[in-house]
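Student: Structure file target.tsv (TSV, C-alpha atoms) right here:
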```tsv
chain	number	residue	atom	x	y	z
A	1	MET	CA	97.09	88.13	86.06
A	2	ASN	CA	97.10	87.12	89.70
A	3	ILE	CA	96.72	89.69	92.46
A	4	VAL	CA	99.03	89.23	95.47
A	5	ASN	CA	100.28	91.15	98.54
A	6	PHE	CA	97.70	93.89	98.00
A	7	THR	CA	97.92	96.59	100.74
A	8	PRO	CA	95.71	99.46	99.55
A	9	ALA	CA	95.25	101.19	102.95
A	10	SER	CA	98.93	101.64	103.76
A	11	ALA	CA	99.65	102.51	100.13
A	12	LEU	CA	96.97	105.21	100.18
A	13	THR	CA	98.16	106.57	103.56
A	14	GLY	CA	101.76	106.78	102.34
A	15	GLY	CA	100.59	108.39	99.10
A	16	LEU	CA	98.62	111.05	101.00
A	17	LEU	CA	101.75	111.93	102.99
A	18	ILE	CA	103.78	112.20	99.78
A	19	GLY	CA	101.08	114.47	98.31
A	20	LEU	CA	101.15	116.58	101.49
A	21	SER	CA	104.93	116.95	101.25
A	22	VAL	CA	104.69	117.98	97.59
A	23	ILE	CA	102.03	120.61	98.22
A	24	LEU	CA	103.76	122.09	101.30
A	25	PHE	CA	107.02	122.39	99.36
A	26	PHE	CA	105.08	124.22	96.65
A	27	VAL	CA	103.02	126.62	98.74
A	28	LEU	CA	105.81	127.40	101.23
A	29	ASN	CA	109.00	127.30	99.14
A	30	GLY	CA	107.50	127.70	95.68
A	31	ARG	CA	109.02	124.53	94.28
A	32	MET	CA	107.53	121.42	92.68
A	33	THR	CA	109.16	118.34	94.20
A	34	GLY	CA	111.31	116.13	91.98
A	35	ILE	CA	113.77	113.97	93.86
A	36	SER	CA	116.10	113.33	90.90
A	37	GLY	CA	116.25	117.09	90.32
A	38	ILE	CA	116.88	117.87	94.00
A	39	ALA	CA	119.59	115.21	94.27
A	40	SER	CA	121.38	116.01	91.01
A	41	ASN	CA	121.22	119.77	91.61
A	42	PHE	CA	122.64	119.23	95.07
A	43	LEU	CA	125.59	117.37	93.53
A	44	ILE	CA	126.15	119.55	90.51
A	45	SER	CA	124.77	123.06	90.99
A	46	LYS	CA	125.52	125.72	93.61
A	47	ASP	CA	121.98	127.04	93.49
A	48	LYS	CA	119.75	126.31	96.54
A	49	LYS	CA	122.46	124.06	97.98
A	50	ASN	CA	121.21	124.09	101.59
A	51	GLU	CA	117.57	123.68	100.67
A	52	ASN	CA	118.39	120.66	98.51
A	53	LEU	CA	120.73	119.14	101.08
A	54	LEU	CA	118.15	119.44	103.86
A	55	PHE	CA	115.44	117.84	101.73
A	56	LEU	CA	117.74	114.87	101.12
A	57	VAL	CA	118.65	114.68	104.82
A	58	GLY	CA	114.91	114.68	105.57
A	59	LEU	CA	114.35	111.82	103.12
A	60	ILE	CA	116.91	109.75	105.03
A	61	LEU	CA	115.59	110.83	108.45
A	62	GLY	CA	112.03	109.81	107.48
A	63	PRO	CA	112.60	106.04	107.88
A	64	LEU	CA	114.63	106.61	111.08
A	65	ILE	CA	111.87	108.72	112.65
A	66	TYR	CA	109.27	106.16	111.60
A	67	THR	CA	111.23	103.38	113.29
A	68	PHE	CA	111.87	105.52	116.37
A	69	ILE	CA	108.22	106.52	116.88
A	70	LEU	CA	106.50	103.27	115.95
A	71	GLY	CA	109.27	100.94	117.03
A	72	ARG	CA	108.74	98.95	113.85
A	73	GLU	CA	111.56	97.59	111.79
A	74	ILE	CA	111.62	98.40	108.08
A	75	ASN	CA	112.37	95.40	105.91
A	76	ILE	CA	113.40	95.75	102.31
A	77	LEU	CA	114.31	93.11	99.78
A	78	ILE	CA	116.77	94.18	97.11
A	79	SER	CA	118.97	92.40	94.57
A	80	ASN	CA	122.51	91.78	95.81
A	81	SER	CA	123.90	91.37	92.30
A	82	LEU	CA	126.45	94.18	91.98
A	83	PRO	CA	126.46	94.25	88.14
A	84	LEU	CA	122.66	94.59	88.16
A	85	ILE	CA	122.74	97.32	90.83
A	86	THR	CA	125.45	99.19	88.89
A	87	ALA	CA	123.62	99.04	85.57
A	88	ALA	CA	120.30	100.02	87.15
A	89	GLY	CA	121.85	102.90	89.13
A	90	ILE	CA	123.49	104.38	86.04
A	91	LEU	CA	120.32	103.95	83.95
A	92	VAL	CA	118.15	105.60	86.62
A	93	GLY	CA	120.57	108.48	87.23
A	94	PHE	CA	121.30	109.18	83.58
A	95	GLY	CA	117.72	108.56	82.37
A	96	THR	CA	116.00	110.77	84.94
A	97	ARG	CA	118.31	113.70	84.22
A	98	LEU	CA	118.04	113.31	80.46
A	99	SER	CA	114.24	113.41	80.76
A	100	SER	CA	114.34	115.98	83.62
A	101	GLY	CA	112.24	113.98	86.05
A	102	CYS	CA	111.51	110.73	87.83
A	103	THR	CA	108.56	109.10	89.57
A	104	SER	CA	108.08	112.20	91.74
A	105	GLY	CA	108.98	115.01	89.31
A	106	HIS	CA	107.02	113.71	86.31
A	107	GLY	CA	104.75	111.13	87.96
A	108	ILE	CA	103.39	113.30	90.77
A	109	SER	CA	104.41	116.96	90.35
A	110	GLY	CA	104.11	117.00	86.56
A	111	ILE	CA	100.80	115.15	86.40
A	112	SER	CA	99.35	117.39	89.16
A	113	ARG	CA	99.89	120.40	86.97
A	114	PHE	CA	98.48	118.57	83.92
A	115	SER	CA	101.78	118.65	82.00
A	116	LEU	CA	101.45	116.56	78.83
A	117	ARG	CA	105.24	116.16	78.78
A	118	SER	CA	105.21	114.61	82.26
A	119	PHE	CA	102.23	112.44	81.42
A	120	ILE	CA	104.07	111.00	78.41
A	121	ALA	CA	107.27	110.51	80.44
A	122	THR	CA	105.33	108.69	83.17
A	123	ILE	CA	103.52	106.37	80.76
A	124	THR	CA	106.85	105.65	79.03
A	125	PHE	CA	108.84	104.70	82.14
A	126	MET	CA	105.90	102.68	83.52
A	127	ILE	CA	105.57	100.66	80.31
A	128	VAL	CA	109.32	100.11	80.02
A	129	GLY	CA	109.50	99.15	83.73
A	130	ILE	CA	106.70	96.60	83.22
A	131	LEU	CA	108.37	95.21	80.08
A	132	THR	CA	111.73	94.98	81.87
A	133	VAL	CA	110.20	92.92	84.68
A	134	LEU	CA	108.41	90.74	82.10
A	135	ILE	CA	111.64	90.08	80.19
A	136	LYS	CA	113.56	89.41	83.41
A	137	ASN	CA	110.94	86.81	84.39
A	138	ILE	CA	111.20	85.08	81.01
A	139	LEU	CA	115.01	84.92	81.00
B	1	MET	CA	112.68	129.17	107.08
B	2	LYS	CA	113.02	127.68	103.59
B	3	ASN	CA	115.61	125.28	104.95
B	4	ILE	CA	113.35	124.11	107.76
B	5	VAL	CA	110.51	123.59	105.27
B	6	SER	CA	112.84	121.56	103.05
B	7	LEU	CA	113.91	119.33	105.91
B	8	PHE	CA	110.31	118.87	107.05
B	9	CYS	CA	109.04	118.09	103.52
B	10	GLY	CA	111.87	115.59	103.07
B	11	ILE	CA	110.92	113.85	106.32
B	12	ILE	CA	107.21	113.67	105.43
B	13	PHE	CA	108.08	112.38	101.96
B	14	GLY	CA	110.42	109.76	103.46
B	15	ILE	CA	107.82	108.57	105.97
B	16	GLY	CA	105.32	108.35	103.09
B	17	LEU	CA	107.73	106.12	101.18
B	18	VAL	CA	108.07	103.85	104.23
B	19	ILE	CA	104.35	103.58	105.05
B	20	SER	CA	103.43	102.94	101.40
B	21	GLU	CA	106.34	100.44	101.22
B	22	MET	CA	107.57	102.12	98.08
B	23	ILE	CA	110.94	102.08	99.83
B	24	ASN	CA	110.97	98.31	99.33
B	25	PRO	CA	112.23	97.33	95.84
B	26	ALA	CA	110.48	93.95	96.10
B	27	LYS	CA	107.14	95.79	96.50
B	28	VAL	CA	107.87	97.99	93.46
B	29	LEU	CA	108.85	94.98	91.34
B	30	GLY	CA	105.59	93.31	92.41
B	31	PHE	CA	103.74	96.37	91.12
B	32	LEU	CA	105.57	96.26	87.78
B	33	ASN	CA	104.87	92.52	87.45
B	34	ILE	CA	101.46	93.08	85.85
B	35	PHE	CA	101.72	89.94	83.71
B	36	GLY	CA	102.67	87.71	86.64
B	37	GLN	CA	101.89	87.87	90.36
B	38	TRP	CA	100.65	91.47	90.42
B	39	ASP	CA	100.63	93.68	93.52
B	40	PRO	CA	98.53	96.74	92.54
B	41	SER	CA	99.19	98.59	95.84
B	42	LEU	CA	101.35	101.30	94.33
B	43	VAL	CA	98.43	102.51	92.20
B	44	PHE	CA	97.02	103.70	95.54
B	45	VAL	CA	100.24	105.55	96.38
B	46	ILE	CA	99.89	107.52	93.16
B	47	ILE	CA	96.18	108.14	93.75
B	48	GLY	CA	96.86	109.25	97.34
B	49	ALA	CA	99.56	111.69	96.28
B	50	LEU	CA	97.61	113.11	93.33
B	51	ILE	CA	94.34	113.69	95.18
B	52	ILE	CA	96.23	116.05	97.49
B	53	SER	CA	98.74	117.63	95.10
B	54	THR	CA	96.47	118.21	92.08
B	55	PRO	CA	93.63	120.33	93.55
B	56	PHE	CA	95.88	122.27	95.92
B	57	PHE	CA	98.44	122.98	93.20
B	58	HIS	CA	95.78	124.59	91.05
B	59	LEU	CA	94.42	126.50	94.04
B	60	PHE	CA	97.79	127.75	95.34
B	61	LYS	CA	99.33	128.66	92.00
B	62	LYS	CA	96.85	131.57	91.83
B	63	LYS	CA	98.58	133.15	94.81
B	64	ASP	CA	101.07	135.97	94.07
B	65	LYS	CA	103.93	134.12	95.67
B	66	PRO	CA	104.82	131.26	98.01
B	67	PHE	CA	105.07	131.96	101.75
B	68	PHE	CA	108.84	131.86	102.07
B	69	ALA	CA	110.17	132.45	98.55
B	70	THR	CA	109.91	135.35	96.12
B	71	ASN	CA	108.19	133.41	93.35
B	72	PHE	CA	106.87	130.04	92.26
B	73	LEU	CA	109.29	127.92	90.24
B	74	ILE	CA	107.24	125.93	87.75
B	75	SER	CA	108.79	124.23	84.74
B	76	ASN	CA	107.67	125.81	81.48
B	77	ALA	CA	109.01	122.99	79.31
B	78	THR	CA	106.34	121.62	77.01
B	79	GLU	CA	108.36	120.00	74.24
B	80	ILE	CA	107.99	116.25	73.76
B	81	ASP	CA	111.51	115.66	72.49
B	82	LYS	CA	113.95	112.77	72.07
B	83	LYS	CA	115.63	113.50	75.39
B	84	LEU	CA	112.32	113.11	77.23
B	85	ILE	CA	111.47	109.81	75.56
B	86	ILE	CA	114.96	108.24	75.60
B	87	GLY	CA	115.56	109.37	79.18
B	88	SER	CA	112.24	107.89	80.30
B	89	ILE	CA	113.00	104.60	78.51
B	90	LEU	CA	116.42	104.32	80.20
B	91	PHE	CA	114.93	105.23	83.58
B	92	GLY	CA	112.12	102.67	83.16
B	93	ALA	CA	114.64	99.95	82.31
B	94	GLY	CA	116.76	100.74	85.39
B	95	TRP	CA	113.65	100.93	87.58
B	96	GLY	CA	112.44	97.54	86.35
B	97	LEU	CA	115.86	95.91	86.85
B	98	VAL	CA	116.11	96.54	90.60
B	99	GLY	CA	112.90	98.29	91.69
B	100	LEU	CA	114.52	101.51	92.92
B	101	CYS	CA	113.80	105.04	91.74
B	102	PRO	CA	115.59	108.14	93.13
B	103	GLY	CA	113.38	108.94	96.17
B	104	PRO	CA	113.19	105.43	97.67
B	105	ALA	CA	116.88	104.84	96.82
B	106	ILE	CA	117.95	107.89	98.85
B	107	SER	CA	115.52	107.16	101.71
B	108	SER	CA	116.76	103.58	101.93
B	109	LEU	CA	120.27	104.87	102.73
B	110	ALA	CA	118.87	105.10	106.29
B	111	LEU	CA	118.78	101.30	106.41
B	112	LEU	CA	122.51	101.04	105.62
B	113	ASN	CA	121.85	98.37	103.02
B	114	ILE	CA	124.98	97.83	100.93
B	115	SER	CA	123.02	97.36	97.68
B	116	SER	CA	121.11	100.60	98.08
B	117	ILE	CA	124.31	102.48	98.95
B	118	ALA	CA	125.94	101.12	95.77
B	119	PHE	CA	122.82	102.02	93.79
B	120	VAL	CA	122.87	105.64	95.01
B	121	PHE	CA	126.58	105.90	94.17
B	122	TRP	CA	126.02	104.75	90.57
B	123	MET	CA	122.87	106.83	90.25
B	124	SER	CA	124.92	109.90	91.23
B	125	MET	CA	127.45	108.99	88.54
B	126	GLY	CA	124.53	108.85	86.11
B	127	PHE	CA	123.38	112.34	87.20
B	128	TYR	CA	126.89	113.63	86.70
B	129	VAL	CA	127.32	112.16	83.21
B	130	ALA	CA	123.88	113.42	82.16
B	131	SER	CA	124.73	116.93	83.35
B	132	LYS	CA	127.66	116.94	80.90
B	133	PHE	CA	125.35	115.56	78.23
B	134	ASN	CA	122.64	118.17	78.79
B	135	LYS	CA	124.91	121.13	78.15
```
What does the file become when written as structure tokens?

Tutor:
Amino acid sequence: MNIVNFTPASALTGGLLIGLSVILFFVLNGRMTGISGIASNFLISKDKKNENLLFLVGLILGPLIYTFILGREINILISNSLPLITAAGILVGFGTRLSSGCTSGHGISGISRFSLRSFIATITFMIVGILTVLIKNIL
Amino acid sequence: MKNIVSLFCGIIFGIGLVISEMINPAKVLGFLNIFGQWDPSLVFVIIGALIISTPFFHLFKKKDKPFFATNFLISNATEIDKKLIIGSILFGAGWGLVGLCPGPAISSLALLNISSIAFVFWMSMGFYVASKFNK
């Protein structure tokens, strides 16, 4: 193991903001944040349509506001292989709905309320994610 | 009011994803690359989020009701079933392939990156298929 690109301060700052968002959504609107749930319910269910839509709009506005206020460009590096993007998109969409949660719903909201179910889900997708990267690096 | 809160929480969440760089798939793949060149930063994202959400969740859940809604909506599912495990395995595999999970994928639509737009399209198809499956 070799440690690279370690940025604990910005990671912690971003994490605190995510925690703040989760707790405000809970104490004000009574809901535990799960992005896969919000997004899929927005697409599929009629319940809380506006609330879900506005959360998603906010998610997209976040980076724009960041760039506007700080004047900093956001750079991301992502695979441009369409077959890989397609397979990964389907796996993430289908998998998170089958297990009723993603990194936010199980990983943050679920673990905050000490849900064993969410803890097991989180450990599972972390281990499989790590193994997937390992296998990709070998191939 | 609930709608304004939703928008505001989405914005804060999105800015958190940018500052922590979780929005960047390369950063996420670096975090999952424990056996290679490991970037442990995202451990701090999780710690940062949990040190706020955990204590305040347990404090606020004792309230009668949230400020702007009639009651708290908290999942009462406890069963560790096949759907939970298989779903998490499939999600983990997709996450490790490209480095995107739902929140960062949606936030990254702001950057008009063609790969992330395609990813969100296929992810939505996945949601749709799973909703038929879950019935």

Student: Excluding A:Ser10 and any residue of its chain fewer than 2 positions from it, enumerate the residues within 8 Å of it, using all atoms listed in the file, and give them as a PyMOL selection string.

Tutor: (chain A and resi 7-8+12-14) or (chain B and resi 19-21)

Student: Residues as selected, C-alpha atoms, written as a PDB file, keeping the file's coordinate frame, can you do that?

Tutor:
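Final output, result_2.pdb:
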```
ATOM      1  CA  THR A   7      97.920  96.590 100.740  1.00  0.00           C
ATOM      2  CA  PRO A   8      95.710  99.460  99.550  1.00  0.00           C
ATOM      3  CA  LEU A  12      96.970 105.210 100.180  1.00  0.00           C
ATOM      4  CA  THR A  13      98.160 106.570 103.560  1.00  0.00           C
ATOM      5  CA  GLY A  14     101.760 106.780 102.340  1.00  0.00           C
TER       6      GLY A  14
ATOM      7  CA  ILE B  19     104.350 103.580 105.050  1.00  0.00           C
ATOM      8  CA  SER B  20     103.430 102.940 101.400  1.00  0.00           C
ATOM      9  CA  GLU B  21     106.340 100.440 101.220  1.00  0.00           C
TER      10      GLU B  21
END
```

Student: When you count all atoms listed in the file, which of these residues is closest to A:Gly34: B:Val129, B:Cys9, B:Ile4, B:Ala110?

Tutor: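 For A:Gly34, the nearest of the given residues is B:Cys9.
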
Student: Go through B:Leu17, B:Trp95, B:Phe8, B:Ile106 one by one, measure the shortest atom-to-atom distance of each to B:Ala49 using only C-alpha atoms, and give the residue with the smallest value.

Tutor: B:Leu17

Student: Put a box with edges along x, y and z around all the listed atoms of stretch 63-76 of chain B, pad it by 6 Å on each side, then give me its centre and sizes in Å, one decimal, as lines of an AutoDock Vina configuration file.

Tutor:
```
center_x = 104.4
center_y = 130.1
center_z = 91.8
size_x = 23.6
size_y = 23.7
size_z = 32.6
```

Student: Report, in Å to a single decimal, how far apart atom CA of A:Gly129 and atom CA of A:Phe26 are.

Tutor: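 Atom CA of A:Gly129 lies at a distance of 28.5 Å from atom CA of A:Phe26.
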
Student: Near stretch 89-96 of chain A, counting all atoms listed in the file, which residues have an atom at most 7 Å away, once you skip same-chain residues fewer than 3 positions from it, shown as a list of chain:residue names?

Tutor: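 Answer for this query is A:Ser36, A:Ile85, A:Thr86, A:Ser99, A:Ser100, A:Gly101, A:Cys102, B:Gly87, B:Ser88, B:Leu90, B:Phe91, B:Gly94, B:Trp95, B:Cys101, B:Phe119, B:Val120, B:Trp122, B:Met123, B:Ser124, B:Met125, B:Gly126, B:Phe127, B:Val129, B:Ala130.
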
Student: Using all atoms listed in the file, pick whichever of A:Ser45, A:Gly30, A:Ala9, A:Thr67 has the shortest atom-to-atom distance to chain B.

Tutor: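 Nearest to chain B: A:Gly30.
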